[in-house]
2 protein chains.
Amino acid sequence: MLPGMTTQYGIRPTMKDVAARARVGLKTVSRVVNDEPGVTPETAERVRSAITELGFRRNDSARMLRKGRTASVGLLLEDLGDPFYSVLSRGVEEVARSNGSLLFTGASAEDPQRERELALAFCARRVDGLVVVPAGDDHRYLLPELAAGTAVVFVDRPAERIGADSVLSDNAGGAREGTGHLVRQGHRRIGFLGDLPQIHTAAERLRGFREAMAAAGLPVAPGQVSMGPTDPASVAAALDRLTGGPRPVTALLTGNNRITLEVLRRLPALPYRPALVGFDDLELAELLVPGLTVVAQDPAGLGRTAAELLFRRLDGDAGPPRSVRLPTRLIPRGSGET
Amino acid sequence: MLPGMTTQYGIRPTMKDVAARARVGLKTVSRVVNDEPGVTPETAERVRSAITELGFRRNDSARMLRKGRTASVGLLLEDLGDPFYSVLSRGVEEVARSNGSLLFTGASAEDPQRERELALAFCARRVDGLVVVPAGDDHRYLLPELAAGTAVVFVDRPAERIGADSVLSDNAGGAREGTGHLVRQGHRRIGFLGDLPQIHTAAERLRGFREAMAAAGLPVAPGQVSMGPTDPASVAAALDRLTGGPRPVTALLTGNNRITLEVLRRLPALPYRPALVGFDDLELAELLVPGLTVVAQDPAGLGRTAAELLFRRLDGDAGPPRSVRLPTRLIPRGSGET
DNA sequence: ACTCCTGTCGACATCGTTGTCAGCTTGGTA
DNA sequence: TACCAAGCTGACAACGATGTCGACAGGAGT
């Protein structure tokens, strides 16, 4: 126990207790706690000693109730442990902290129902704003919250059926660039191995792939594309389909970090080694032999930009919904240059 | 706007508004919202329509103020983007959600001052409990919070100067095992490259290293150990010291994932290739050539266990502080077997 | 007809803080 | 002496919900 403390277990002192102990009015304590002017130094000192003696700490729940703003924002993403999203969330956290806000975090696990529950729970807490990596395809349930003044920014994937800010990577452009890179190496049968097609980023990357192939005058047979879940078994099966059969692909564009990872694990077991470009950078990519060529996104930038947009809204920006698109970057390291 | 909605921008309807619209008392609305018994189906139905018409959503700030519990916990760690901590935080999030709590997240950036500010900000929000990866070496500032009933569990590093639950990896044991592995390969001059010595995990791993060396009857010259910051430049300099000079080490134990990563990057530039065992697993470790041998921790387990301990406290467990130690696991993959 | 009970329902106080406003000193000025 | 302005200070209402308790209606039992 700290010296001079008089706290009893389980009960927190309130301003009223502090006021009684310092023999001042409730409002004077409030003034001291909030550094408001109009308190003589002696009174303030008396209040401050009472505060430390009692171990008083202002109850921000009550404060928020009174003031209306909660100084907190909610972040909703798919998986906290995924390197991509964890770096994104670091970006959001940094901006939130520098704006004096605390951050609620929740993981939707790609389940629209859970996303909805979490988002509404955040709203019930009256977060000032939400940064959402959407899982579902209908976000109209957020309309009342938007109308009530909760700012919402979508990141990584666009909002569906709702007008709100969004920050996206140039998914199609990145896929075009990655595909073009393989085309320039002379590949003609290039495969695309992507996430579930209803996920916006997956669809966009597939679109970019198809555009680049079309631009190069190359056909895309059905057997060259596989869209599906990203668990190891499904990816392995998809990889076998693309690399097996009568006309196996000579090169692969993988649609996100999880898929790339699983493909890398399976490469040694294949009868030949296709060229590979992965969407999303991986931490050890440069140390593999050959180095892994990737289309890198800027997850920290996505998070930061989304949060900055959010706080701009909270500062009163009431313009029409903005849509920011961050560029991707092709990093050739060897695996795509064969 | 949803059909039938009457919401006005920026003002949220309250229970009072719902009550007026449904022509019932305030308390009846509360009863319906909370599924309390004692309301006739017709009345409940009237209230429910009023709720959807107005777009009412209960204000949990007010609720928390009244009820005392906030159904939220705070997580304080060093860096949200670090793969180790992000997986840990996923573990915490899972347990929090299954216990019906929301999660505040904050990053201390290894700065005791910032840790303190964030922890106290969480406490001011009246979180029910805190999971803390401590940055500082004195947590007595949390004593009043503990006394007031906020549960606190420390994870990854122990609490300093305060009695509270903690969940740690067996850092010394893991380092012993990693070092022993190198010894068994015949190495006699083994180097240890660790984080700042004031960080508990770094000190413990160094201790394990020394113990294993002593057990093998091997001397540890000062030039075989380097403890310092983990930014790339510092690690590179330390690596040069250990591998340069008249008696370079033949094998290395690296003290955490950031150090391992930087050493891996620098290996090609060294005049020879030392054997390497890294503390913490890395996602592509098995795909390197040679595969990276590691002492793996269980970050998800750390997070889950810490959160479970926390909720056990919140459920009333008032026993003495517990200290849980999770085992590490040596995963030989090649880099330590030369 | 009377009591008693059960089941619905609402008035009111309350949680801990902040905003409003009026009251009290104090010192200066006419 | 009277008056006023300026600076401190505290009483009170309010934020939006929940807990307590009493009011009331309707039915059962005597």
# chains A, B, ... in the order shown; residues from 1 in each chain; ligands from 1
call {"tool": "residues_around", "arguments": {"residues": "Gly208 of chain A", "least_positions_apart": "3", "cutoff": "8 Å", "atoms": "only C-alpha atoms (C1' of nucleotides)", "output": "JSON, numbers by chain"}}
result
{"A": [171, 172, 173, 174, 175, 176, 204, 205, 211, 212]}
call {"tool": "closest_atom_pairs", "arguments": {"of": "chain A", "to": "chain B", "cutoff": "7 Å", "atoms": "only C-alpha atoms", "output": "CSV"}}
result
residue,atom,partner,partner_atom,distance
A:Met1,CA,B:Leu143,CA,6.3
A:Tyr9,CA,B:Ala147,CA,5.1
A:Gly10,CA,B:Ala148,CA,4.4
A:Ile11,CA,B:Ala148,CA,5.7
A:Arg12,CA,B:Ala148,CA,5.7
A:Gly55,CA,B:Pro144,CA,6.1
A:Arg57,CA,B:Ala124,CA,6.3
A:Arg58,CA,B:Ala124,CA,5.9
A:Asn59,CA,B:Ala124,CA,5.3
A:Asp60,CA,B:Arg125,CA,5.0
A:Ser61,CA,B:Ser61,CA,5.6
A:Ala62,CA,B:Leu65,CA,6.1
A:Leu65,CA,B:Ser61,CA,6.0
A:Leu80,CA,B:Arg90,CA,5.2
A:Gly81,CA,B:Val87,CA,4.3
A:Pro83,CA,B:Pro83,CA,6.2
A:Ser86,CA,B:Gly81,CA,4.8
A:Val87,CA,B:Gly81,CA,4.3
A:Ser89,CA,B:Leu80,CA,6.9
A:Arg90,CA,B:Leu80,CA,5.2
A:Leu103,CA,B:Phe104,CA,5.5
A:Phe104,CA,B:Phe104,CA,4.4
A:Thr105,CA,B:Leu103,CA,5.7
A:Gly106,CA,B:Leu103,CA,7.0
A:Ala124,CA,B:Asn59,CA,5.3
A:Arg125,CA,B:Asp60,CA,5.0
A:Arg126,CA,B:Asn59,CA,6.8
A:Leu143,CA,B:Met1,CA,6.4
A:Pro144,CA,B:Gly55,CA,6.3
A:Ala147,CA,B:Tyr9,CA,5.1
A:Ala148,CA,B:Gly10,CA,4.4
A:Gly149,CA,B:Gly10,CA,4.8
A:Arg265,CA,B:Leu287,CA,6.9
A:Leu284,CA,B:Leu284,CA,6.4
A:Leu287,CA,B:Leu288,CA,6.9
A:Leu288,CA,B:Leu288,CA,5.4
call {"tool": "residues_around", "arguments": {"residues": "Val153 of chain A", "least_positions_apart": "3", "cutoff": "12 Å", "atoms": "only C-alpha atoms (C1' of nucleotides)", "output": "count of residues only"}}
result
45
call {"tool": "residues_around", "arguments": {"residues": "Ala22 of chain A", "least_positions_apart": "2", "cutoff": "6 Å", "atoms": "only C-alpha atoms (C1' of nucleotides)", "output": "PDB file with N, CA and C atoms, in the first residue's frame"}}
result
ATOM      1  N   ALA A  19     -14.013  15.621  -1.821  1.00  0.00           N
ATOM      2  CA  ALA A  19     -14.532  16.927  -1.380  1.00  0.00           C
ATOM      3  C   ALA A  19     -14.702  16.951   0.129  1.00  0.00           C
ATOM      4  N   ALA A  20     -15.274  15.883   0.677  1.00  0.00           N
ATOM      5  CA  ALA A  20     -15.480  15.827   2.121  1.00  0.00           C
ATOM      6  C   ALA A  20     -14.148  15.921   2.852  1.00  0.00           C
ATOM      7  N   VAL A  24     -14.134  20.879   0.904  1.00  0.00           N
ATOM      8  CA  VAL A  24     -14.488  21.824  -0.158  1.00  0.00           C
ATOM      9  C   VAL A  24     -15.729  21.271  -0.851  1.00  0.00           C
ATOM     10  N   ARG A  46      -4.946  21.512  -1.028  1.00  0.00           N
ATOM     11  CA  ARG A  46      -5.706  20.673  -0.101  1.00  0.00           C
ATOM     12  C   ARG A  46      -6.417  19.548  -0.857  1.00  0.00           C
ATOM     13  N   VAL A  47      -6.988  19.917  -1.973  1.00  0.00           N
ATOM     14  CA  VAL A  47      -7.696  18.915  -2.778  1.00  0.00           C
ATOM     15  C   VAL A  47      -6.723  17.856  -3.281  1.00  0.00           C
ATOM     16  N   ALA A  50      -5.846  15.406  -0.621  1.00  0.00           N
ATOM     17  CA  ALA A  50      -6.958  14.483  -0.389  1.00  0.00           C
ATOM     18  C   ALA A  50      -7.001  13.425  -1.494  1.00  0.00           C
TER      19      ALA A  50
END
call {"tool": "select_by_dssp", "arguments": {"residues": "segment 41-219 of chain A", "states": "alpha helix (DSSP H)", "output": "ChimeraX atom specification"}}
result
/A:41-54,60-67,83-98,112-124,143-147,171-184,200-215
call {"tool": "residues_around", "arguments": {"residues": "Gly336 of chain B", "least_positions_apart": "2", "cutoff": "10 Å", "atoms": "only C-alpha atoms (C1' of nucleotides)", "output": "list in words"}}
result
Gly178, Thr179, His181, Leu182, Val183, Arg184, Gln185, His187, Ala251, Leu252, Leu253, Pro274, Ala275, Leu276, Val277, Gly278, Pro290, Gly291, Leu292, Thr293, Val294, Ile331, Pro332, Arg333, Gly334 and Thr338 of chain B
call {"tool": "atom_distance", "arguments": {"atom1": "atom CA of Ala215 of chain B", "atom2": "atom CA of Arg325 of chain B"}}
result
22.6 Å
call {"tool": "decode", "arguments": {"residues": "segment 11-27 of chain C", "atoms": "all heavy atoms", "output": "CSV table (one decimal), in the first residue's frame"}}
result
chain,number,residue,atom,x,y,z
C,11,DA,P,-44.7,7.5,-14.1
C,11,DA,OP1,-45.9,8.3,-14.6
C,11,DA,OP2,-43.5,7.4,-14.9
C,11,DA,O5',-44.3,8.1,-12.6
C,11,DA,C5',-45.2,7.8,-11.5
C,11,DA,C4',-44.4,8.1,-10.2
C,11,DA,O4',-43.6,6.9,-9.9
C,11,DA,C3',-43.4,9.2,-10.2
C,11,DA,O3',-43.4,9.9,-9.0
C,11,DA,C2',-42.1,8.5,-10.5
C,11,DA,C1',-42.3,7.2,-9.8
C,11,DA,N9,-41.6,6.1,-10.4
C,11,DA,C8,-41.5,5.8,-11.8
C,11,DA,N7,-40.8,4.7,-12.1
C,11,DA,C5,-40.4,4.2,-10.8
C,11,DA,C6,-39.6,3.1,-10.5
C,11,DA,N6,-39.1,2.2,-11.3
C,11,DA,N1,-39.3,3.0,-9.2
C,11,DA,C2,-39.8,3.8,-8.3
C,11,DA,N3,-40.6,4.9,-8.5
C,11,DA,C4,-40.8,5.1,-9.8
C,12,DC,P,-42.5,11.2,-8.7
C,12,DC,OP1,-43.3,11.9,-7.7
C,12,DC,OP2,-42.2,11.8,-10.0
C,12,DC,O5',-41.2,10.6,-8.1
C,12,DC,C5',-41.3,9.6,-7.0
C,12,DC,C4',-39.9,9.1,-6.7
C,12,DC,O4',-39.6,8.0,-7.6
C,12,DC,C3',-38.8,10.2,-6.8
C,12,DC,O3',-38.1,10.2,-5.6
C,12,DC,C2',-37.9,9.7,-8.0
C,12,DC,C1',-38.2,8.2,-7.9
C,12,DC,N1,-37.9,7.4,-9.1
C,12,DC,C2,-37.3,6.2,-9.0
C,12,DC,O2,-36.9,5.8,-7.9
C,12,DC,N3,-37.0,5.4,-10.2
C,12,DC,C4,-37.4,5.9,-11.3
C,12,DC,N4,-37.2,5.2,-12.4
C,12,DC,C5,-38.1,7.2,-11.4
C,12,DC,C6,-38.3,7.9,-10.3
C,13,DA,P,-37.0,11.3,-5.3
C,13,DA,OP1,-37.4,12.1,-4.1
C,13,DA,OP2,-36.7,12.0,-6.6
C,13,DA,O5',-35.7,10.4,-5.0
C,13,DA,C5',-35.9,9.3,-4.1
C,13,DA,C4',-34.7,8.4,-4.2
C,13,DA,O4',-34.8,7.7,-5.5
C,13,DA,C3',-33.3,9.0,-4.1
C,13,DA,O3',-32.5,8.2,-3.3
C,13,DA,C2',-32.9,9.1,-5.5
C,13,DA,C1',-33.5,7.8,-6.1
C,13,DA,N9,-33.8,7.9,-7.6
C,13,DA,C8,-34.4,8.9,-8.3
C,13,DA,N7,-34.5,8.6,-9.5
C,13,DA,C5,-34.0,7.4,-9.7
C,13,DA,C6,-33.8,6.5,-10.8
C,13,DA,N6,-34.2,6.8,-12.0
C,13,DA,N1,-33.3,5.3,-10.6
C,13,DA,C2,-32.9,5.0,-9.3
C,13,DA,N3,-33.0,5.7,-8.2
C,13,DA,C4,-33.5,6.9,-8.5
C,14,DT,P,-31.0,8.7,-2.9
C,14,DT,OP1,-30.7,8.1,-1.6
C,14,DT,OP2,-30.9,10.2,-3.2
C,14,DT,O5',-30.1,8.0,-4.0
C,14,DT,C5',-30.1,6.6,-4.2
C,14,DT,C4',-29.3,6.2,-5.4
C,14,DT,O4',-30.0,6.4,-6.6
C,14,DT,C3',-28.0,6.9,-5.5
C,14,DT,O3',-26.9,6.0,-5.2
C,14,DT,C2',-27.9,7.4,-6.9
C,14,DT,C1',-29.1,6.6,-7.6
C,14,DT,N1,-29.8,7.3,-8.7
C,14,DT,C2,-30.0,6.7,-9.9
C,14,DT,O2,-29.6,5.6,-10.1
C,14,DT,N3,-30.6,7.4,-10.8
C,14,DT,C4,-31.1,8.7,-10.7
C,14,DT,O4,-31.7,9.2,-11.6
C,14,DT,C5,-30.9,9.3,-9.4
C,14,DT,C7,-31.4,10.7,-9.2
C,14,DT,C6,-30.3,8.6,-8.5
C,15,DC,P,-25.4,6.6,-4.9
C,15,DC,OP1,-24.9,5.9,-3.7
C,15,DC,OP2,-25.5,8.1,-4.8
C,15,DC,O5',-24.6,6.2,-6.2
C,15,DC,C5',-24.4,4.9,-6.6
C,15,DC,C4',-23.9,4.8,-8.0
C,15,DC,O4',-24.9,5.2,-8.9
C,15,DC,C3',-22.8,5.8,-8.2
C,15,DC,O3',-21.5,5.2,-8.0
C,15,DC,C2',-23.0,6.3,-9.6
C,15,DC,C1',-24.4,5.8,-10.0
C,15,DC,N1,-25.3,6.9,-10.4
C,15,DC,C2,-26.1,6.8,-11.6
C,15,DC,O2,-25.8,5.8,-12.3
C,15,DC,N3,-26.9,7.8,-11.9
C,15,DC,C4,-27.1,8.8,-11.1
C,15,DC,N4,-28.0,9.7,-11.5
C,15,DC,C5,-26.4,8.9,-9.9
C,15,DC,C6,-25.6,7.9,-9.6
C,16,DG,P,-20.4,6.0,-7.2
C,16,DG,OP1,-19.3,5.0,-6.9
C,16,DG,OP2,-21.1,6.7,-6.1
C,16,DG,O5',-19.8,7.1,-8.2
C,16,DG,C5',-19.1,6.6,-9.3
C,16,DG,C4',-18.8,7.8,-10.2
C,16,DG,O4',-20.0,8.4,-10.7
C,16,DG,C3',-18.0,9.0,-9.5
C,16,DG,O3',-17.0,9.4,-10.4
C,16,DG,C2',-19.1,10.0,-9.3
C,16,DG,C1',-20.0,9.8,-10.5
C,16,DG,N9,-21.4,10.2,-10.3
C,16,DG,C8,-22.1,10.2,-9.2
C,16,DG,N7,-23.4,10.7,-9.4
C,16,DG,C5,-23.4,11.0,-10.7
C,16,DG,C6,-24.5,11.5,-11.5
C,16,DG,O6,-25.6,11.8,-11.2
C,16,DG,N1,-24.1,11.6,-12.9
C,16,DG,C2,-22.8,11.3,-13.4
C,16,DG,N2,-22.7,11.6,-14.6
C,16,DG,N3,-21.8,10.9,-12.6
C,16,DG,C4,-22.2,10.7,-11.3
C,17,DT,P,-16.0,10.5,-9.9
C,17,DT,OP1,-14.6,10.0,-10.2
C,17,DT,OP2,-16.3,11.0,-8.6
C,17,DT,O5',-16.3,11.7,-10.9
C,17,DT,C5',-16.0,11.6,-12.3
C,17,DT,C4',-17.0,12.4,-13.1
C,17,DT,O4',-18.3,12.3,-12.5
C,17,DT,C3',-16.8,13.9,-13.2
C,17,DT,O3',-16.0,14.2,-14.3
C,17,DT,C2',-18.2,14.5,-13.5
C,17,DT,C1',-19.1,13.3,-13.1
C,17,DT,N1,-20.2,13.7,-12.1
C,17,DT,C2,-21.4,14.2,-12.6
C,17,DT,O2,-21.6,14.4,-13.8
C,17,DT,N3,-22.3,14.5,-11.7
C,17,DT,C4,-22.2,14.3,-10.3
C,17,DT,O4,-23.1,14.6,-9.6
C,17,DT,C5,-21.0,13.8,-9.9
C,17,DT,C7,-20.7,13.5,-8.4
C,17,DT,C6,-20.0,13.5,-10.8
C,18,DT,P,-15.4,15.7,-14.5
C,18,DT,OP1,-14.3,15.6,-15.5
C,18,DT,OP2,-15.1,16.3,-13.2
C,18,DT,O5',-16.6,16.5,-15.1
C,18,DT,C5',-17.1,16.2,-16.4
C,18,DT,C4',-18.2,17.1,-16.8
C,18,DT,O4',-19.3,16.9,-15.8
C,18,DT,C3',-17.9,18.5,-16.9
C,18,DT,O3',-18.5,19.1,-18.0
C,18,DT,C2',-18.5,19.1,-15.6
C,18,DT,C1',-19.7,18.2,-15.4
C,18,DT,N1,-20.2,18.1,-14.0
C,18,DT,C2,-21.5,18.3,-13.7
C,18,DT,O2,-22.3,18.6,-14.6
C,18,DT,N3,-21.8,18.1,-12.4
C,18,DT,C4,-21.0,17.7,-11.4
C,18,DT,O4,-21.4,17.6,-10.2
C,18,DT,C5,-19.6,17.5,-11.7
C,18,DT,C7,-18.7,17.1,-10.7
C,18,DT,C6,-19.3,17.7,-13.0
C,19,DG,P,-18.2,20.5,-18.6
C,19,DG,OP1,-18.0,20.4,-20.0
C,19,DG,OP2,-17.2,21.1,-17.7
C,19,DG,O5',-19.6,21.3,-18.3
C,19,DG,C5',-20.7,20.9,-19.0
C,19,DG,C4',-21.9,21.8,-18.7
C,19,DG,O4',-22.3,21.5,-17.3
C,19,DG,C3',-21.6,23.3,-18.7
C,19,DG,O3',-22.8,24.0,-19.3
C,19,DG,C2',-21.4,23.7,-17.3
C,19,DG,C1',-22.3,22.7,-16.5
C,19,DG,N9,-21.8,22.3,-15.2
C,19,DG,C8,-20.6,22.0,-14.9
C,19,DG,N7,-20.4,21.7,-13.6
C,19,DG,C5,-21.7,21.8,-13.1
C,19,DG,C6,-22.2,21.7,-11.8
C,19,DG,O6,-21.6,21.3,-10.8
C,19,DG,N1,-23.6,21.9,-11.7
C,19,DG,C2,-24.4,22.3,-12.7
C,19,DG,N2,-25.6,22.6,-12.5
C,19,DG,N3,-23.9,22.5,-14.0
C,19,DG,C4,-22.6,22.3,-14.1
C,20,DT,P,-22.8,25.5,-19.5
C,20,DT,OP1,-23.4,25.8,-20.7
C,20,DT,OP2,-21.4,26.1,-19.2
C,20,DT,O5',-23.8,26.0,-18.3
C,20,DT,C5',-24.9,25.3,-18.0
C,20,DT,C4',-25.7,25.9,-16.9
C,20,DT,O4',-25.2,25.5,-15.6
C,20,DT,C3',-25.6,27.5,-16.8
C,20,DT,O3',-26.9,28.0,-16.6
C,20,DT,C2',-24.6,27.7,-15.7
C,20,DT,C1',-25.0,26.6,-14.7
C,20,DT,N1,-23.9,26.1,-13.8
C,20,DT,C2,-24.2,25.9,-12.5
C,20,DT,O2,-25.3,26.0,-12.0
C,20,DT,N3,-23.1,25.5,-11.7
C,20,DT,C4,-21.8,25.3,-12.2
C,20,DT,O4,-20.9,24.9,-11.4
C,20,DT,C5,-21.6,25.6,-13.6
C,20,DT,C7,-20.2,25.4,-14.1
C,20,DT,C6,-22.6,26.0,-14.3
C,21,DC,P,-27.1,29.5,-16.8
C,21,DC,OP1,-28.5,29.7,-17.4
C,21,DC,OP2,-26.0,30.2,-17.4
C,21,DC,O5',-27.2,30.0,-15.3
C,21,DC,C5',-28.0,29.2,-14.3
C,21,DC,C4',-27.6,29.6,-12.9
C,21,DC,O4',-26.3,29.0,-12.6
C,21,DC,C3',-27.4,31.1,-12.7
C,21,DC,O3',-28.1,31.5,-11.6
C,21,DC,C2',-25.9,31.2,-12.5
C,21,DC,C1',-25.6,29.9,-11.8
C,21,DC,N1,-24.2,29.5,-11.8
C,21,DC,C2,-23.6,28.9,-10.7
C,21,DC,O2,-24.3,28.7,-9.7
C,21,DC,N3,-22.3,28.5,-10.7
C,21,DC,C4,-21.6,28.8,-11.8
C,21,DC,N4,-20.3,28.4,-11.7
C,21,DC,C5,-22.1,29.4,-12.9
C,21,DC,C6,-23.4,29.8,-12.9
C,22,DA,P,-28.5,33.1,-11.5
C,22,DA,OP1,-29.7,33.3,-12.3
C,22,DA,OP2,-27.3,33.9,-11.7
C,22,DA,O5',-28.9,33.1,-9.9
C,22,DA,C5',-29.1,31.9,-9.2
C,22,DA,C4',-28.2,31.9,-8.0
C,22,DA,O4',-26.9,31.5,-8.3
C,22,DA,C3',-28.1,33.3,-7.3
C,22,DA,O3',-28.2,33.2,-5.9
C,22,DA,C2',-26.6,33.7,-7.7
C,22,DA,C1',-25.9,32.4,-7.7
C,22,DA,N9,-24.7,32.3,-8.4
C,22,DA,C8,-24.5,32.8,-9.7
C,22,DA,N7,-23.2,32.5,-10.1
C,22,DA,C5,-22.6,31.9,-9.1
C,22,DA,C6,-21.3,31.3,-8.9
C,22,DA,N6,-20.4,31.4,-9.8
C,22,DA,N1,-21.1,30.7,-7.7
C,22,DA,C2,-22.0,30.6,-6.8
C,22,DA,N3,-23.3,31.1,-6.9
C,22,DA,C4,-23.5,31.7,-8.0
C,23,DG,P,-28.3,34.4,-5.0
C,23,DG,OP1,-29.6,34.3,-4.3
C,23,DG,OP2,-28.0,35.7,-5.7
C,23,DG,O5',-27.1,34.2,-3.9
C,23,DG,C5',-27.0,32.9,-3.3
C,23,DG,C4',-25.7,32.9,-2.6
C,23,DG,O4',-24.6,32.7,-3.6
C,23,DG,C3',-25.4,34.1,-1.8
C,23,DG,O3',-24.9,33.8,-0.5
C,23,DG,C2',-24.3,34.8,-2.7
C,23,DG,C1',-23.6,33.7,-3.3
C,23,DG,N9,-23.0,34.0,-4.6
C,23,DG,C8,-23.6,34.6,-5.7
C,23,DG,N7,-22.8,34.8,-6.7
C,23,DG,C5,-21.6,34.2,-6.3
C,23,DG,C6,-20.4,34.1,-7.0
C,23,DG,O6,-20.1,34.5,-8.1
C,23,DG,N1,-19.4,33.4,-6.2
C,23,DG,C2,-19.6,33.0,-4.9
C,23,DG,N2,-18.6,32.4,-4.3
C,23,DG,N3,-20.8,33.1,-4.3
C,23,DG,C4,-21.7,33.7,-5.0
C,24,DC,P,-24.8,34.9,0.6
C,24,DC,OP1,-25.4,34.3,1.8
C,24,DC,OP2,-25.2,36.2,0.1
C,24,DC,O5',-23.2,35.0,0.9
C,24,DC,C5',-22.5,33.8,1.0
C,24,DC,C4',-21.0,34.1,0.8
C,24,DC,O4',-20.8,34.3,-0.6
C,24,DC,C3',-20.5,35.3,1.5
C,24,DC,O3',-19.6,34.9,2.5
C,24,DC,C2',-19.8,36.1,0.4
C,24,DC,C1',-19.8,35.2,-0.8
C,24,DC,N1,-20.0,35.8,-2.2
C,24,DC,C2,-18.9,35.8,-3.1
C,24,DC,O2,-17.8,35.3,-2.7
C,24,DC,N3,-19.1,36.4,-4.3
C,24,DC,C4,-20.3,37.0,-4.6
C,24,DC,N4,-20.4,37.5,-5.8
C,24,DC,C5,-21.4,37.0,-3.7
C,24,DC,C6,-21.2,36.4,-2.5
C,25,DT,P,-19.2,36.0,3.7
C,25,DT,OP1,-19.3,35.2,4.9
C,25,DT,OP2,-20.0,37.2,3.5
C,25,DT,O5',-17.6,36.3,3.4
C,25,DT,C5',-17.3,36.8,2.1
C,25,DT,C4',-15.9,36.5,1.7
C,25,DT,O4',-15.8,36.5,0.3
C,25,DT,C3',-14.9,37.5,2.2
C,25,DT,O3',-13.6,37.0,2.4
C,25,DT,C2',-15.0,38.6,1.1
C,25,DT,C1',-15.3,37.7,-0.1
C,25,DT,N1,-16.3,38.3,-1.1
C,25,DT,C2,-15.9,38.5,-2.4
C,25,DT,O2,-14.8,38.3,-2.8
C,25,DT,N3,-16.8,39.1,-3.2
C,25,DT,C4,-18.1,39.5,-2.8
C,25,DT,O4,-18.9,40.0,-3.6
C,25,DT,C5,-18.5,39.2,-1.4
C,25,DT,C7,-19.8,39.5,-0.9
C,25,DT,C6,-17.5,38.6,-0.6
C,26,DT,P,-12.6,37.9,3.3
C,26,DT,OP1,-11.6,36.9,3.8
C,26,DT,OP2,-13.3,38.8,4.3
C,26,DT,O5',-11.9,38.8,2.2
C,26,DT,C5',-11.2,38.2,1.1
C,26,DT,C4',-11.0,39.3,0.0
C,26,DT,O4',-12.2,39.6,-0.7
C,26,DT,C3',-10.5,40.6,0.6
C,26,DT,O3',-9.1,40.8,0.3
C,26,DT,C2',-11.4,41.7,0.0
C,26,DT,C1',-12.1,41.0,-1.1
C,26,DT,N1,-13.5,41.4,-1.3
C,26,DT,C2,-13.9,41.8,-2.6
C,26,DT,O2,-13.1,41.7,-3.5
C,26,DT,N3,-15.2,42.2,-2.7
C,26,DT,C4,-16.1,42.2,-1.7
C,26,DT,O4,-17.3,42.6,-2.0
C,26,DT,C5,-15.7,41.9,-0.4
C,26,DT,C7,-16.6,41.9,0.7
C,26,DT,C6,-14.4,41.5,-0.3
C,27,DG,P,-8.3,42.1,0.9
C,27,DG,OP1,-6.9,41.6,1.1
C,27,DG,OP2,-9.1,42.7,2.0
C,27,DG,O5',-8.3,43.1,-0.4
C,27,DG,C5',-8.1,42.5,-1.7
C,27,DG,C4',-8.4,43.6,-2.7
C,27,DG,O4',-9.8,43.8,-2.8
C,27,DG,C3',-7.8,45.0,-2.3
C,27,DG,O3',-7.2,45.6,-3.4
C,27,DG,C2',-9.1,45.8,-1.9
C,27,DG,C1',-10.2,45.1,-2.7
C,27,DG,N9,-11.5,45.1,-2.0
C,27,DG,C8,-11.8,44.9,-0.7
C,27,DG,N7,-13.0,45.0,-0.4
C,27,DG,C5,-13.6,45.3,-1.7
C,27,DG,C6,-15.0,45.6,-2.0
C,27,DG,O6,-16.0,45.5,-1.2
C,27,DG,N1,-15.2,45.8,-3.3
C,27,DG,C2,-14.1,45.9,-4.3
C,27,DG,N2,-14.5,46.2,-5.5
C,27,DG,N3,-12.9,45.7,-4.0
C,27,DG,C4,-12.7,45.4,-2.6
